[in-house]
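Shown next: my_file_22.tsv, containing TSV, C-alpha atoms.
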chain	number	residue	atom	x	y	z
A	197	MET	CA	142.48	29.70	-2.90
A	198	ARG	CA	139.96	31.86	-1.07
A	199	PRO	CA	136.95	30.27	0.57
A	200	THR	CA	133.56	30.57	-1.14
A	201	TRP	CA	132.14	32.72	1.66
A	202	PHE	CA	134.94	35.24	1.18
A	203	VAL	CA	134.25	35.54	-2.53
A	204	LEU	CA	130.52	35.99	-1.93
A	205	ALA	CA	131.21	38.61	0.74
A	206	CYS	CA	133.36	40.59	-1.64
A	207	ALA	CA	130.63	40.49	-4.26
A	208	ILE	CA	127.88	41.62	-1.94
A	209	LEU	CA	129.48	43.92	0.71
A	210	PRO	CA	131.16	47.24	0.01
A	211	ALA	CA	134.87	47.05	-0.34
A	212	THR	CA	135.24	49.43	2.59
A	213	LEU	CA	134.05	46.68	4.92
A	214	VAL	CA	136.03	43.80	3.51
A	215	ASN	CA	139.57	43.83	2.25
A	216	CYS	CA	139.00	41.95	-0.97
A	217	GLY	CA	142.28	43.03	-2.48
A	218	GLY	CA	144.17	40.85	-0.09
A	219	SER	CA	146.33	43.70	1.39
A	220	GLU	CA	145.70	46.18	4.17
A	221	THR	CA	145.05	49.78	3.26
A	222	LYS	CA	147.45	52.09	5.13
A	223	THR	CA	146.52	55.66	5.99
A	224	ASP	CA	149.25	58.23	6.68
A	225	PRO	CA	149.00	59.82	10.15
A	226	PRO	CA	148.01	63.49	10.22
A	227	ALA	CA	150.88	65.87	10.02
A	228	GLU	CA	152.09	67.33	13.29
A	229	PRO	CA	151.34	71.03	13.71
A	230	ALA	CA	154.33	73.03	12.60
A	231	CYS	CA	155.69	75.32	15.36
A	232	GLY	CA	156.71	78.60	13.86
A	233	ASP	CA	154.25	78.68	10.97
A	234	ALA	CA	152.38	81.69	12.43
A	235	LEU	CA	149.31	79.51	12.99
A	236	LEU	CA	148.22	78.99	16.59
A	237	HIS	CA	147.58	75.26	16.80
A	238	PRO	CA	145.93	73.58	19.81
A	239	GLY	CA	148.37	73.33	22.70
A	240	GLU	CA	150.45	76.28	21.56
A	241	THR	CA	150.62	79.46	23.66
A	242	CYS	CA	152.73	81.56	21.33
A	243	GLU	CA	153.51	81.69	17.62
A	244	GLY	CA	155.16	83.76	14.98
A	245	MET	CA	157.23	83.75	11.85
A	246	PRO	CA	159.94	84.01	12.98
A	247	LEU	CA	159.28	83.00	16.56
A	248	PRO	CA	159.93	85.76	19.13
A	249	GLU	CA	162.50	85.29	21.84
A	250	GLY	CA	160.75	83.71	24.81
A	251	CYS	CA	158.65	81.33	22.68
A	252	ASP	CA	160.00	77.80	22.77
A	253	PRO	CA	160.93	76.83	19.17
A	254	THR	CA	160.02	73.19	19.73
A	255	THR	CA	156.65	73.40	21.47
A	256	CYS	CA	155.56	76.99	20.80
A	257	THR	CA	154.95	77.51	24.49
A	258	VAL	CA	156.03	80.48	26.60
A	259	GLN	CA	159.40	79.94	28.26
A	260	ASP	CA	159.99	80.53	31.97
A	261	GLY	CA	160.73	84.14	32.84
A	262	TYR	CA	158.85	85.52	29.82
A	263	GLN	CA	155.39	86.82	29.17
A	264	CYS	CA	153.87	86.69	25.71
A	265	SER	CA	150.88	88.51	24.32
A	266	PRO	CA	148.24	88.30	23.22
A	267	PRO	CA	147.22	85.32	25.33
A	268	PRO	CA	145.85	82.35	23.37
A	269	PRO	CA	142.06	82.40	22.99
A	270	GLU	CA	139.74	79.81	24.40
A	271	PRO	CA	138.45	77.47	21.68
A	272	ALA	CA	134.88	78.27	20.61
A	273	GLY	CA	133.74	74.81	21.69
A	274	GLY	CA	135.98	74.73	24.71
A	275	ASP	CA	137.57	71.50	23.47
A	276	GLY	CA	139.46	72.42	20.31
A	277	THR	CA	136.44	72.20	17.99
A	278	ASP	CA	134.67	74.94	16.07
A	279	GLY	CA	131.69	74.64	18.41
A	280	ASP	CA	129.08	74.37	15.61
A	281	SER	CA	129.71	71.31	13.52
A	282	GLY	CA	132.00	69.57	15.98
A	283	GLY	CA	134.82	69.54	13.47
A	284	SER	CA	138.31	70.79	14.15
A	285	ALA	CA	138.65	74.54	14.12
A	286	GLU	CA	141.08	76.10	11.70
A	287	PRO	CA	144.12	77.48	13.53
A	288	PRO	CA	144.15	81.27	13.43
A	289	MET	CA	147.02	83.38	12.24
A	290	TRP	CA	149.06	84.38	15.28
A	291	MET	CA	152.01	86.66	15.93
A	292	SER	CA	153.16	86.77	19.53
A	293	SER	CA	155.19	89.44	21.25
A	294	CYS	CA	157.22	88.32	24.27
A	295	VAL	CA	159.03	90.29	26.99
A	296	LEU	CA	161.39	89.22	29.74
A	297	LEU	CA	159.68	89.45	33.14
A	298	PRO	CA	161.35	91.46	35.92
A	299	VAL	CA	163.59	89.36	38.13
A	300	CYS	CA	163.53	90.44	41.77
A	301	GLY	CA	166.92	90.04	43.38
A	302	ASN	CA	169.22	90.78	40.43
A	303	GLN	CA	170.24	94.25	41.76
A	304	VAL	CA	168.49	95.93	38.81
A	305	ILE	CA	165.28	97.92	39.30
A	306	GLU	CA	163.02	96.78	36.48
A	307	ASP	CA	159.43	97.54	35.47
A	308	GLY	CA	157.09	97.06	38.41
A	309	GLU	CA	159.88	97.10	41.01
A	310	GLN	CA	160.45	99.83	43.59
A	311	CYS	CA	163.80	98.50	44.76
A	312	ASP	CA	166.24	95.64	44.24
A	313	ASP	CA	168.82	94.97	46.92
A	314	GLY	CA	170.17	91.79	45.39
A	315	ASP	CA	168.07	89.28	47.30
A	316	ALA	CA	164.50	88.07	47.26
A	317	SER	CA	163.83	88.18	50.98
A	318	SER	CA	161.62	90.43	53.07
A	319	GLY	CA	162.38	92.21	56.31
A	320	ASP	CA	165.37	94.20	55.10
A	321	GLY	CA	163.49	97.13	53.56
A	322	CYS	CA	163.10	95.65	50.07
A	323	SER	CA	160.60	92.80	49.99
A	324	GLU	CA	160.71	89.50	48.16
A	325	PHE	CA	158.64	91.22	45.45
A	326	CYS	CA	161.09	94.14	45.27
A	327	GLN	CA	158.69	96.59	46.92
A	328	VAL	CA	159.78	99.07	49.61
A	329	GLU	CA	158.50	97.94	53.02
A	330	THR	CA	157.22	101.38	54.02
A	331	GLU	CA	154.61	99.89	56.35
A	332	ASP	CA	157.48	98.83	58.62
A	333	GLY	CA	159.16	102.23	58.51
A	334	TRP	CA	161.74	101.50	55.81
A	335	THR	CA	163.12	103.98	53.29
A	336	CYS	CA	165.20	103.03	50.24
A	337	ASP	CA	167.49	105.18	48.09
A	338	GLY	CA	166.52	103.85	44.65
A	339	ALA	CA	170.09	102.97	43.71
A	340	GLU	CA	171.25	99.72	42.10
A	341	PRO	CA	171.74	97.74	44.24
A	342	THR	CA	169.28	99.39	46.60
A	343	GLU	CA	170.23	100.52	50.11
A	344	CYS	CA	167.44	100.63	52.70
A	345	TRP	CA	167.27	101.95	56.25
A	346	ARG	CA	164.79	102.84	58.96
A	347	CYS	CA	164.66	104.97	62.07
A	348	GLY	CA	165.75	103.09	65.17
A	349	ASP	CA	168.47	100.92	63.62
A	350	GLY	CA	171.25	102.80	65.40
A	351	PHE	CA	172.70	104.42	62.27
A	352	LEU	CA	172.33	108.07	61.34
A	353	ASP	CA	170.77	107.86	57.90
A	354	PRO	CA	169.62	110.58	55.48
A	355	GLY	CA	166.78	112.65	56.92
A	356	GLU	CA	167.52	111.68	60.53
A	357	GLU	CA	168.69	114.06	63.26
A	358	CYS	CA	169.54	111.24	65.66
A	359	ASP	CA	169.23	107.47	65.96
A	360	THR	CA	169.88	105.85	69.31
A	361	GLY	CA	168.81	102.38	68.11
A	362	PHE	CA	165.54	102.01	69.97
A	363	LEU	CA	164.62	99.06	67.75
A	364	LEU	CA	167.63	97.30	69.23
A	365	GLY	CA	166.57	98.05	72.79
A	366	ASN	CA	168.53	101.31	73.21
A	367	ASP	CA	165.64	103.59	74.11
A	368	ILE	CA	167.36	106.83	75.20
A	369	GLU	CA	165.71	110.13	76.14
A	370	GLY	CA	166.34	113.05	73.82
A	371	CYS	CA	165.73	111.31	70.49
A	372	THR	CA	162.18	110.59	69.35
A	373	ASP	CA	160.86	107.49	67.59
A	374	GLU	CA	160.90	109.59	64.43
A	375	CYS	CA	164.65	110.15	64.87
A	376	THR	CA	164.31	113.87	65.63
A	377	ILE	CA	166.00	115.60	68.56
A	378	VAL	CA	163.75	116.68	71.43
A	379	PRO	CA	163.94	120.44	72.20
A	380	GLY	CA	166.48	121.10	74.95
A	381	TRP	CA	168.63	118.11	74.02
A	382	GLU	CA	171.61	117.38	71.81
A	383	CYS	CA	172.74	113.99	70.52
A	384	PHE	CA	176.21	112.85	69.53
A	385	LEU	CA	178.08	109.70	68.55
A	386	VAL	CA	180.22	108.05	71.22
A	387	THR	CA	182.13	104.85	70.40
A	388	GLY	CA	179.66	103.83	67.75
A	389	GLN	CA	176.51	104.63	69.72
A	390	TYR	CA	174.40	107.78	69.81
A	391	LEU	CA	173.92	109.39	73.22
A	392	CYS	CA	171.82	112.41	74.15
A	393	GLY	CA	172.17	115.05	76.84
A	394	PRO	CA	171.02	118.58	77.71
A	395	LEU	CA	171.84	121.27	75.14
A	396	CYS	CA	173.90	123.92	76.93
A	397	GLY	CA	173.10	127.51	76.06
A	398	ASP	CA	169.56	127.08	74.84
A	399	GLY	CA	168.00	128.62	77.94
A	400	MET	CA	166.44	125.38	79.17
A	401	PHE	CA	167.95	124.28	82.49
A	402	PHE	CA	168.10	120.48	82.68
A	403	ASP	CA	169.20	118.80	85.89
A	404	ASN	CA	168.62	115.34	87.34
A	405	SER	CA	164.93	116.10	87.80
A	406	ILE	CA	164.46	115.75	84.04
A	407	PRO	CA	163.91	112.09	83.07
A	408	GLY	CA	166.90	110.66	81.23
A	409	VAL	CA	169.41	113.25	82.45
A	410	THR	CA	172.25	111.43	84.17
A	411	LYS	CA	174.59	112.98	86.73
A	412	GLY	CA	177.38	113.37	84.19
A	413	PHE	CA	175.15	115.32	81.80
A	414	ALA	CA	173.21	117.44	84.30
A	415	GLU	CA	173.58	121.22	83.99
A	416	GLU	CA	174.41	123.54	86.90
A	417	CYS	CA	172.81	126.46	85.07
A	418	ASP	CA	171.65	127.56	81.62
A	419	ASP	CA	171.21	131.27	81.02
A	420	GLY	CA	170.58	130.99	77.29
A	421	ASN	CA	174.08	131.76	76.03
A	422	LEU	CA	177.62	130.45	76.02
A	423	MET	CA	179.28	133.73	77.03
A	424	PRO	CA	181.62	133.61	80.04
A	425	GLY	CA	181.59	136.19	82.80
A	426	ASP	CA	177.85	136.37	83.31
A	427	GLY	CA	177.60	133.72	86.01
A	428	CYS	CA	177.05	130.66	83.79
A	429	ASP	CA	179.94	129.58	81.59
A	430	ALA	CA	180.07	127.82	78.20
A	431	GLN	CA	179.80	124.40	79.89
A	432	CYS	CA	176.69	125.44	81.81
A	433	GLU	CA	178.58	125.48	85.11
A	434	VAL	CA	178.20	128.25	87.69
A	435	GLU	CA	181.20	130.57	87.66
A	436	VAL	CA	183.28	131.51	90.70
A	437	ASP	CA	181.77	134.18	92.98
A	438	CYS	CA	178.41	133.84	91.23
A	439	ILE	CA	175.06	132.34	92.10
A	440	CYS	CA	172.32	131.18	89.70
A	441	GLU	CA	168.66	130.69	90.37
A	442	SER	CA	167.58	127.71	88.24
A	443	THR	CA	164.31	125.83	87.98
A	444	ALA	CA	164.03	123.08	85.37
A	445	PRO	CA	163.34	123.55	82.55
A	446	GLU	CA	163.35	127.37	82.79
A	447	THR	CA	166.20	129.79	82.03
A	448	SER	CA	168.69	130.39	84.81
A	449	VAL	CA	169.11	133.87	86.34
A	450	CYS	CA	172.65	134.48	87.52
A	451	GLU	CA	174.32	137.21	89.60
A	452	CYS	CA	177.98	137.68	90.42
A	453	GLY	CA	179.80	139.47	93.25
A	454	VAL	CA	177.38	138.40	95.96
A	455	GLY	CA	177.23	135.57	98.41
A	456	GLY	CA	179.64	134.09	100.90
A	457	SER	CA	182.49	133.74	98.45
A	458	SER	CA	181.81	136.98	96.63
A	459	SER	CA	184.00	140.06	96.73
A	460	GLY	CA	181.12	142.46	97.23
A	461	THR	CA	181.31	145.77	99.05
A	462	ASP	CA	179.92	146.61	102.46
A	463	SER	CA	178.60	150.21	102.79
A	464	GLY	CA	176.58	152.30	105.24
A	465	ALA	CA	177.86	150.70	108.48
A	466	THR	CA	178.36	153.08	111.49
A	467	ASP	CA	180.52	152.25	114.48
A	468	SER	CA	180.35	154.72	117.37
A	469	GLY	CA	183.64	155.20	119.17
A	470	SER	CA	185.49	152.39	117.39
A	471	GLY	CA	187.95	154.22	115.21
A	472	SER	CA	191.17	152.37	114.61
A	473	GLY	CA	193.19	154.88	112.69
A	474	SER	CA	195.20	157.85	113.81
A	475	GLY	CA	193.32	160.98	114.73
A	476	SER	CA	193.70	164.36	116.27
A	477	ASP	CA	192.34	165.50	119.60
A	478	SER	CA	191.94	169.15	120.27
A	479	ASP	CA	190.85	170.53	123.61
A	480	SER	CA	189.76	174.08	123.86
A	481	GLY	CA	187.99	174.13	127.16
A	482	SER	CA	184.42	174.28	126.32
A	483	GLY	CA	185.15	173.67	122.72
A	484	SER	CA	184.72	170.45	120.89
A	485	GLY	CA	187.32	168.10	119.57
A	486	SER	CA	187.00	165.55	116.87
A	487	ASP	CA	188.65	162.16	116.57
A	488	SER	CA	188.34	160.58	113.18
A	489	GLY	CA	189.56	157.13	112.40
A	490	GLY	CA	189.81	155.34	109.09
A	491	GLY	CA	188.40	151.99	110.06
A	492	SER	CA	187.59	149.32	107.52
A	493	GLY	CA	183.93	150.03	107.82
A	494	GLY	CA	184.28	153.71	107.19
A	495	ALA	CA	183.24	154.51	110.76
A	496	SER	CA	183.58	158.03	112.31
A	497	MET	CA	183.63	159.05	115.95
A	498	THR	CA	182.82	162.48	117.33
A	499	SER	CA	183.36	163.50	120.99
A	500	SER	CA	182.73	166.64	122.94
A	501	GLY	CA	184.54	167.82	126.05
A	502	SER	CA	184.43	170.59	128.48

I'd like the structure from this file rewritten - as structure tokens, please.
Amino acid sequence: MRPTWFVLACAILPATLVNCGGSETKTDPPAEPACGDALLHPGETCEGMPLPEGCDPTTCTVQDGYQCSPPPPEPAGGDGTDGDSGGSAEPPMWMSSCVLLPVCGNQVIEDGEQCDDGDASSGDGCSEFCQVETEDGWTCDGAEPTECWRCGDGFLDPGEECDTGFLLGNDIEGCTDECTIVPGWECFLVTGQYLCGPLCGDGMFFDNSIPGVTKGFAEECDDGNLMPGDGCDAQCEVEVDCICESTAPETSVCECGVGGSSSGTDSGATDSGSGSGSGSDSDSGSGSGSDSGGGSGGASMTSSGS
């Protein structure tokens, strides 16, 4: 039995305001947007039919490591409405295209990468963004995985003439900071380290007066060749019975057969009355006799008698 006020209310007020039927009216909830229906619903960032790889099949959002295009548009009203009437905007047809983004550090040079050495750290020639660190002097070979090097690391790499490891504190004369050999020098590997010394035979005399030339590497001469017998031998040492005039860093001028230890000849000496050989003496009264001796100096003696 319903109260009188309830009956009167049902007779006077619209049924939408009073439940006169005695049971509640149930309204079905709106259907959830269907991911994969090629309609870009609010909250979705990718769509398609079928969905492209990289678009999450549950939420229609872009998965990590992928990039999908075109990007979703901003709603006309900025809040998911059509902007004019305030009603919900109709979802547009949408077909996304997704690509896998490059992964720095996977030892594969992908789009946008200059190198990939297998790690995502900087300071080794290939940066955390897989870009060559040329500003720090690095060069990379472009291989997979990438190998990088720079002048001054102590290793002779492609394009270098020498590398003494100046970045490691081994600053040695003869090799520049661009890993090129200074004129007049030569560089070589000794027990894992590059050393530099004077280049024998180039015509540039280097002794201890040249900075960086140690006693063991100093030249005695350098006449511009490695031929023996001209005063300066193939090791840039002065040969026996020779003397060399040398002024660093000029070319040495050598002469052999002179000096205290030379086997030079002595000519033009005259010794009066000092013959040591055997001679003949002839006396003819008022005539003249001659006594000739074969001394070591080639001396001759002449005497006259009465």

Nearest-residue call for Leu352 (chain A), choices A:Gly388, A:Gly308, A:Pro253, A:Pro238, using all atoms listed in the file: A:Gly388

Interatomic distance (Å, one decimal) between CA of Asp353 (chain A) and CA of Gly397 (chain A):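 Distance between the two atoms: 26.9 Å.
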
Shell of 9 Å around region 315-331 of chain A, all atoms listed in the file, local chain residues under 2 positions omitted, as a PDB file with C-alpha atoms, keeping the file's coordinate frame:
ATOM      1  CA  VAL A 299     163.590  89.360  38.130  1.00  0.00           C
ATOM      2  CA  CYS A 300     163.530  90.440  41.770  1.00  0.00           C
ATOM      3  CA  GLY A 301     166.920  90.040  43.380  1.00  0.00           C
ATOM      4  CA  ASN A 302     169.220  90.780  40.430  1.00  0.00           C
ATOM      5  CA  GLN A 303     170.240  94.250  41.760  1.00  0.00           C
ATOM      6  CA  ILE A 305     165.280  97.920  39.300  1.00  0.00           C
ATOM      7  CA  GLY A 308     157.090  97.060  38.410  1.00  0.00           C
ATOM      8  CA  GLU A 309     159.880  97.100  41.010  1.00  0.00           C
ATOM      9  CA  GLN A 310     160.450  99.830  43.590  1.00  0.00           C
ATOM     10  CA  CYS A 311     163.800  98.500  44.760  1.00  0.00           C
ATOM     11  CA  ASP A 312     166.240  95.640  44.240  1.00  0.00           C
ATOM     12  CA  ASP A 313     168.820  94.970  46.920  1.00  0.00           C
ATOM     13  CA  GLY A 333     159.160 102.230  58.510  1.00  0.00           C
ATOM     14  CA  TRP A 334     161.740 101.500  55.810  1.00  0.00           C
ATOM     15  CA  THR A 335     163.120 103.980  53.290  1.00  0.00           C
ATOM     16  CA  CYS A 336     165.200 103.030  50.240  1.00  0.00           C
ATOM     17  CA  THR A 342     169.280  99.390  46.600  1.00  0.00           C
ATOM     18  CA  GLU A 343     170.230 100.520  50.110  1.00  0.00           C
ATOM     19  CA  CYS A 344     167.440 100.630  52.700  1.00  0.00           C
ATOM     20  CA  TRP A 345     167.270 101.950  56.250  1.00  0.00           C
ATOM     21  CA  ARG A 346     164.790 102.840  58.960  1.00  0.00           C
TER      22      ARG A 346
END

Separation of CA of Ile368 (chain A) from CA of Gly399 (chain A), in Å and rounded to one decimal: 22.0 Å

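What separates CA of Cys383 (chain A) from CA of Ser442 (chain A) is a distance of 23.0 Å.
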
Region 426-434 of chain A environment, 12 Å, all atoms listed in the file, sequence neighbours closer than 3 positions dropped, as a PyMOL selection string: chain A and resi 394-403+413-423+437-442+447-454+458

Within-12 Å shell of (160.6, 79.2, 22.8) in input frame, all atoms listed in the file, as a PyMOL selection string: chain A and resi 231-232+240-244+246-264+292-295
